[in-house]
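Here is the structure we will look at, set down as structure tokens.
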Amino acid sequence: MKNYRHPLAIAPMMDWTDRHCRFFHRQLTRRALLYTEMVVADAVIHGPRERLLGFDAGEHPVALQLGGSDPGKLAEAARIGEGFGYGEIDLNVGCPSDRVQSGTFGACLMKVPDLVADCVSAMKAAVEIPVTVKCRIGVDDQDTEVALDTLAAGVFAAGADALWVHARKAWLQGLSPKENRDIPPLDYGRVYRLKESYTNRFIGINGGIQTLDEGIQHLGHVDGAMLGRAAYHTPGLLAGADSAFYGEARKEFEPAALIEAMAAYAARHIAQGGRLSHVTRHMVGLFHGLPGARRWRQILSTDATRADAGPDVLYAAFAAVDPQAAGEAA
């Protein structure tokens, strides 16, 4: 596995894990690997790069996830991403959305493992940082034993530094992207078996992991656990991540300090022409289940969306929460 070690990662999620979400998550965990939303290689090459790729240095470690199927374009996009300071480039071989199907990438690439290997090889030749792949266990009527083994063999032979596997099939026809996150059954055992075949390669697992404890249990079988919606909807759980996954001394969660950091960040964003809601929309679930959480959500979902809203709205929302209960719950 060389030097690639990321026992915990927060999954790349379209429309969710933008730079504001990542900055927020980084205040809760200093160590977990963060990902961008998927960015299409063509957009990286020809689009507004600063808007698409810009990030705060405090987000590290952070990986750029690319979408595409042209080895040359992916290599160029990877090179650009490395130049922006990302610590890793990931190839999306798992997204089942209509957008990626029309472009013949994402989960569609599970059907053409040789092309995926060519893409990885080209990206590896273009950059010095790790190149990884995030995939499904298969798509449609594929035999998952054959499909996943074939893909893994190809990408590792091409030099991939890690393979993260969402432990579900993707159905390219008949299920929406949302349904593809829930309806195909989870098969963690399939990912465990893959790891048994690649004892010296990094294999991480994704899909349906709801708590840090569940993630830790997976580490008895694979090398890394990736949280998705649980980290987004109940981000407070990340406050215990560095202790649970990295063996760091448990630190008391200080919600007031977090709010101060996010208010200062939001003020900088607003000064640059942004809106408070761009930041606070990712924070709605922070105090889930705690006294005052409902009022916190109400303020962030209404007052924070005003065009003239400033950091004072964030402070007002926090005033509705019992900070002692928040600290004790983390």
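Identifiers in the structure tokens: chain A, B, ... in order shown; residue index from 1 per chain; ligand index from 1 in order shown.
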Contact residues around Ala271 in chain A with only C-alpha atoms at 12 Å, ignoring same-chain residues under 4 positions, as a list of chain:residue names: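 Listing them by chain and then by number gives A:Ala264, A:Tyr265, A:Ala266, A:Ala267, A:Arg275, A:Leu276, A:Asp308, A:Ala309, A:Gly310, A:Pro311.
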Serialized selection, all heavy atoms, as a CSV table (one decimal), in the first residue's frame:
```
chain,number,residue,atom,x,y,z
A,264,ALA,N,-16.2,33.6,10.8
A,264,ALA,CA,-15.1,34.3,10.1
A,264,ALA,C,-15.0,33.9,8.7
A,264,ALA,O,-14.7,34.7,7.8
A,264,ALA,CB,-13.8,34.0,10.9
A,265,TYR,N,-15.1,32.6,8.4
A,265,TYR,CA,-15.0,32.1,7.1
A,265,TYR,C,-16.2,32.6,6.2
A,265,TYR,O,-16.0,33.1,5.1
A,265,TYR,CB,-15.1,30.5,7.1
A,265,TYR,CG,-15.1,29.9,5.7
A,265,TYR,CD1,-14.0,29.7,5.0
A,265,TYR,CD2,-16.3,29.5,5.1
A,265,TYR,CE1,-14.0,29.1,3.8
A,265,TYR,CE2,-16.4,29.0,3.9
A,265,TYR,CZ,-15.2,28.7,3.2
A,265,TYR,OH,-15.2,28.2,1.9
A,266,ALA,N,-17.4,32.6,6.8
A,266,ALA,CA,-18.5,33.2,6.1
A,266,ALA,C,-18.3,34.7,5.8
A,266,ALA,O,-18.7,35.1,4.7
A,266,ALA,CB,-19.8,33.0,6.9
A,267,ALA,N,-17.8,35.4,6.7
A,267,ALA,CA,-17.5,36.8,6.5
A,267,ALA,C,-16.6,37.0,5.3
A,267,ALA,O,-16.8,37.9,4.5
A,267,ALA,CB,-17.0,37.5,7.7
A,275,ARG,N,-22.7,34.5,-0.6
A,275,ARG,CA,-23.9,34.6,0.3
A,275,ARG,C,-23.7,33.7,1.5
A,275,ARG,O,-23.1,32.6,1.4
A,275,ARG,CB,-25.2,34.3,-0.4
A,275,ARG,CG,-25.5,35.3,-1.5
A,275,ARG,CD,-26.8,35.0,-2.2
A,275,ARG,NE,-27.9,35.1,-1.4
A,275,ARG,CZ,-29.2,35.1,-1.8
A,275,ARG,NH1,-29.4,35.1,-3.1
A,275,ARG,NH2,-30.2,35.2,-0.9
A,276,LEU,N,-24.3,34.1,2.7
A,276,LEU,CA,-24.2,33.3,3.9
A,276,LEU,C,-24.7,31.9,3.7
A,276,LEU,O,-24.1,30.9,4.2
A,276,LEU,CB,-24.9,34.0,5.0
A,276,LEU,CG,-24.9,33.3,6.4
A,276,LEU,CD1,-23.5,33.3,7.0
A,276,LEU,CD2,-25.9,33.9,7.3
A,308,ASP,N,-29.1,39.7,2.2
A,308,ASP,CA,-28.2,40.5,3.0
A,308,ASP,C,-27.8,39.9,4.3
A,308,ASP,O,-27.2,40.5,5.2
A,308,ASP,CB,-29.0,41.9,3.3
A,308,ASP,CG,-30.2,41.6,4.1
A,308,ASP,OD1,-30.7,40.5,4.2
A,308,ASP,OD2,-30.8,42.6,4.7
A,309,ALA,N,-28.0,38.6,4.4
A,309,ALA,CA,-27.7,37.9,5.7
A,309,ALA,C,-26.2,37.9,5.9
A,309,ALA,O,-25.4,37.7,5.0
A,309,ALA,CB,-28.2,36.5,5.6
A,310,GLY,N,-25.8,38.1,7.2
A,310,GLY,CA,-24.4,38.1,7.5
A,310,GLY,C,-24.1,37.1,8.7
A,310,GLY,O,-25.0,36.4,9.1
A,311,PRO,N,-22.9,37.1,9.1
A,311,PRO,CA,-22.5,36.1,10.2
A,311,PRO,C,-23.3,36.3,11.5
A,311,PRO,O,-23.4,35.3,12.2
A,311,PRO,CB,-21.0,36.5,10.4
A,311,PRO,CG,-20.6,37.1,9.2
A,311,PRO,CD,-21.7,37.9,8.6
```
Residue neighbourhood Arg136 in chain A, 9 Å, only C-alpha atoms, exclusion window fewer than 4 positions, as a list in words: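 Skipping anything fewer than 4 positions along the chain leaves Val93, Gly94, Cys95, Ala107, Met110, Leu148, Trp164, Val165, His166, Ala167, Arg168, Lys169 and Ala170 of chain A.
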Computed interatomic separation between CA of Leu219 in chain A and CA of Arg31 in chain A (Å):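 About the pair CA of Leu219 in chain A and CA of Arg31 in chain A: they are 16.3 Å apart.
Here CA of Ala57 in chain A stands at a distance of 17.6 Å from CA of Ala263 in chain A.
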DSSP strand (DSSP E or B) residues within range 90-315 of chain A, as a PyMOL selection string: chain A and resi 90-93+131-139+162-170+202-206+224-227
How would the residues just chosen look if you wrote them out with N, CA, C and O atoms as a compact mmCIF listing (two decimals), in the first residue's frame?
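And here's out18.txt as it stands now:
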```txt
# COMPACT_ATOMS: atom_id res chain seq x y z
N ASP A 90 -8.78 11.44 -8.00
CA ASP A 90 -9.62 10.24 -7.99
C ASP A 90 -10.46 10.19 -9.26
O ASP A 90 -10.98 11.23 -9.71
N LEU A 91 -10.60 9.02 -9.84
CA LEU A 91 -11.42 8.82 -11.03
C LEU A 91 -12.77 8.23 -10.62
O LEU A 91 -12.83 7.17 -9.98
N ASN A 92 -13.85 8.88 -11.02
CA ASN A 92 -15.19 8.42 -10.70
C ASN A 92 -15.61 7.30 -11.65
O ASN A 92 -15.76 7.50 -12.85
N VAL A 93 -15.80 6.11 -11.07
CA VAL A 93 -16.30 4.95 -11.83
C VAL A 93 -17.52 4.40 -11.11
O VAL A 93 -17.77 3.20 -11.09
N VAL A 131 -3.02 8.57 -7.48
CA VAL A 131 -4.19 8.46 -8.36
C VAL A 131 -5.02 7.28 -7.87
O VAL A 131 -4.49 6.18 -7.70
N THR A 132 -6.29 7.51 -7.61
CA THR A 132 -7.15 6.47 -7.05
C THR A 132 -8.41 6.32 -7.90
O THR A 132 -8.69 7.13 -8.79
N VAL A 133 -9.18 5.29 -7.61
CA VAL A 133 -10.43 5.03 -8.32
C VAL A 133 -11.52 4.75 -7.31
O VAL A 133 -11.30 4.06 -6.31
N LYS A 134 -12.72 5.30 -7.54
CA LYS A 134 -13.89 4.97 -6.73
C LYS A 134 -14.92 4.34 -7.65
O LYS A 134 -15.31 4.93 -8.66
N CYS A 135 -15.35 3.13 -7.31
CA CYS A 135 -16.21 2.36 -8.21
C CYS A 135 -17.37 1.73 -7.46
O CYS A 135 -17.51 1.86 -6.24
N ARG A 136 -18.19 1.02 -8.19
CA ARG A 136 -19.25 0.15 -7.64
C ARG A 136 -18.76 -1.31 -7.73
O ARG A 136 -17.73 -1.60 -8.32
N ILE A 137 -19.56 -2.22 -7.18
CA ILE A 137 -19.18 -3.63 -7.29
C ILE A 137 -19.59 -4.19 -8.65
O ILE A 137 -19.17 -5.29 -9.03
N GLY A 138 -20.38 -3.42 -9.39
CA GLY A 138 -20.81 -3.83 -10.72
C GLY A 138 -21.97 -2.97 -11.16
O GLY A 138 -22.46 -2.13 -10.40
N VAL A 139 -22.41 -3.16 -12.39
CA VAL A 139 -23.58 -2.44 -12.89
C VAL A 139 -24.52 -3.42 -13.59
O VAL A 139 -24.10 -4.45 -14.14
N ALA A 162 -5.02 3.35 -4.84
CA ALA A 162 -6.10 2.88 -3.96
C ALA A 162 -7.35 2.66 -4.77
O ALA A 162 -7.54 3.27 -5.84
N LEU A 163 -8.21 1.80 -4.25
CA LEU A 163 -9.52 1.55 -4.85
C LEU A 163 -10.56 1.64 -3.74
O LEU A 163 -10.53 0.88 -2.78
N TRP A 164 -11.45 2.62 -3.89
CA TRP A 164 -12.57 2.76 -2.96
C TRP A 164 -13.80 2.16 -3.63
O TRP A 164 -14.12 2.50 -4.77
N VAL A 165 -14.50 1.28 -2.92
CA VAL A 165 -15.61 0.55 -3.53
C VAL A 165 -16.91 0.83 -2.79
O VAL A 165 -17.04 0.57 -1.59
N HIS A 166 -17.89 1.39 -3.51
CA HIS A 166 -19.25 1.51 -3.00
C HIS A 166 -19.87 0.12 -3.13
O HIS A 166 -20.02 -0.39 -4.25
N ALA A 167 -20.24 -0.46 -2.01
CA ALA A 167 -20.61 -1.88 -1.97
C ALA A 167 -22.03 -2.15 -2.46
O ALA A 167 -22.80 -2.90 -1.84
N ARG A 168 -22.41 -1.54 -3.56
CA ARG A 168 -23.69 -1.80 -4.22
C ARG A 168 -23.45 -1.84 -5.72
O ARG A 168 -22.54 -1.20 -6.23
N LYS A 169 -24.33 -2.54 -6.40
CA LYS A 169 -24.40 -2.38 -7.85
C LYS A 169 -25.01 -1.01 -8.18
O LYS A 169 -25.67 -0.39 -7.34
N ALA A 170 -24.79 -0.57 -9.39
CA ALA A 170 -25.51 0.59 -9.92
C ALA A 170 -26.38 0.09 -11.07
O ALA A 170 -25.89 -0.68 -11.91
N PHE A 202 -4.40 -0.94 -1.18
CA PHE A 202 -5.39 -0.25 -0.37
C PHE A 202 -6.77 -0.45 -0.98
O PHE A 202 -7.02 -0.07 -2.12
N ILE A 203 -7.67 -1.02 -0.18
CA ILE A 203 -9.07 -1.18 -0.55
C ILE A 203 -9.90 -0.50 0.52
O ILE A 203 -9.83 -0.84 1.70
N GLY A 204 -10.71 0.48 0.11
CA GLY A 204 -11.61 1.16 1.04
C GLY A 204 -13.05 0.83 0.70
O GLY A 204 -13.37 0.45 -0.43
N ILE A 205 -13.93 0.99 1.68
CA ILE A 205 -15.33 0.62 1.51
C ILE A 205 -16.25 1.81 1.76
O ILE A 205 -15.97 2.66 2.59
N ASN A 206 -17.34 1.87 1.00
CA ASN A 206 -18.30 2.95 1.07
C ASN A 206 -19.70 2.36 0.90
O ASN A 206 -19.86 1.31 0.32
N GLY A 224 -9.91 1.16 4.66
CA GLY A 224 -10.49 2.46 4.90
C GLY A 224 -12.00 2.41 4.83
O GLY A 224 -12.58 1.56 4.15
N ALA A 225 -12.64 3.31 5.56
CA ALA A 225 -14.10 3.44 5.54
C ALA A 225 -14.44 4.84 5.06
O ALA A 225 -13.81 5.82 5.47
N MET A 226 -15.45 4.93 4.20
CA MET A 226 -15.86 6.21 3.64
C MET A 226 -17.29 6.51 4.04
O MET A 226 -18.20 5.74 3.73
N LEU A 227 -17.49 7.63 4.74
CA LEU A 227 -18.82 8.07 5.14
C LEU A 227 -19.38 9.00 4.07
O LEU A 227 -18.66 9.85 3.54
```
Selection near Pro12 in chain A, 9 Å with only C-alpha atoms, sequence-local residues under 6 positions removed, as a list in words: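 Non-adjacent residues within range: Asp18, Leu34, Tyr35, Thr36, Glu37, Met38, Leu64, Gln65 and Gly228 of chain A.
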Pull C-alpha atoms from the residues just selected and write them as a CSV table (one decimal), in the first residue's frame.
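Generated file (part.csv):
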```
chain,number,residue,atom,x,y,z
A,18,ASP,CA,-18.2,21.9,-2.3
A,34,LEU,CA,-12.0,15.0,2.0
A,35,TYR,CA,-13.1,15.0,-1.6
A,36,THR,CA,-14.4,17.6,-4.1
A,37,GLU,CA,-17.6,17.0,-5.9
A,38,MET,CA,-17.0,15.2,-9.2
A,64,LEU,CA,-10.0,16.1,-6.5
A,65,GLN,CA,-12.5,13.7,-8.1
A,228,GLY,CA,-21.3,9.7,2.8
```
Within 8 Å of Glu59 in chain A using only C-alpha atoms, minus same-chain residues under 5 positions, as a VMD selection string: chain A and resid 22 to 23 26 34
Spatial neighbours of Val120 in chain A, 12 Å, only C-alpha atoms, chain gap at least 4 places, as a count of residues only: 40
Residue list (helix (DSSP H, G or I), DSSP) for range 136-210 of chain A, as a PyMOL selection string: chain A and resi 144-157+179-181+188-197
Distance criterion (only C-alpha atoms): nearest to Thr305 in chain A out of A:Gly274, A:Pro291, A:Pro96, A:Gly240: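 When distances to Thr305 in chain A are compared using only C-alpha atoms, the smallest one comes from A:Gly274.
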Residue neighbourhood Arg281 in chain A, 12 Å, only C-alpha atoms, exclusion window fewer than 6 positions, as a PyMOL selection string: chain A and resi 15-18+20-21+24+232-233+266+275+296-305+314
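Between CA of Asp149 in chain A and CA of Leu194 in chain A the separation is 7.0 Å.
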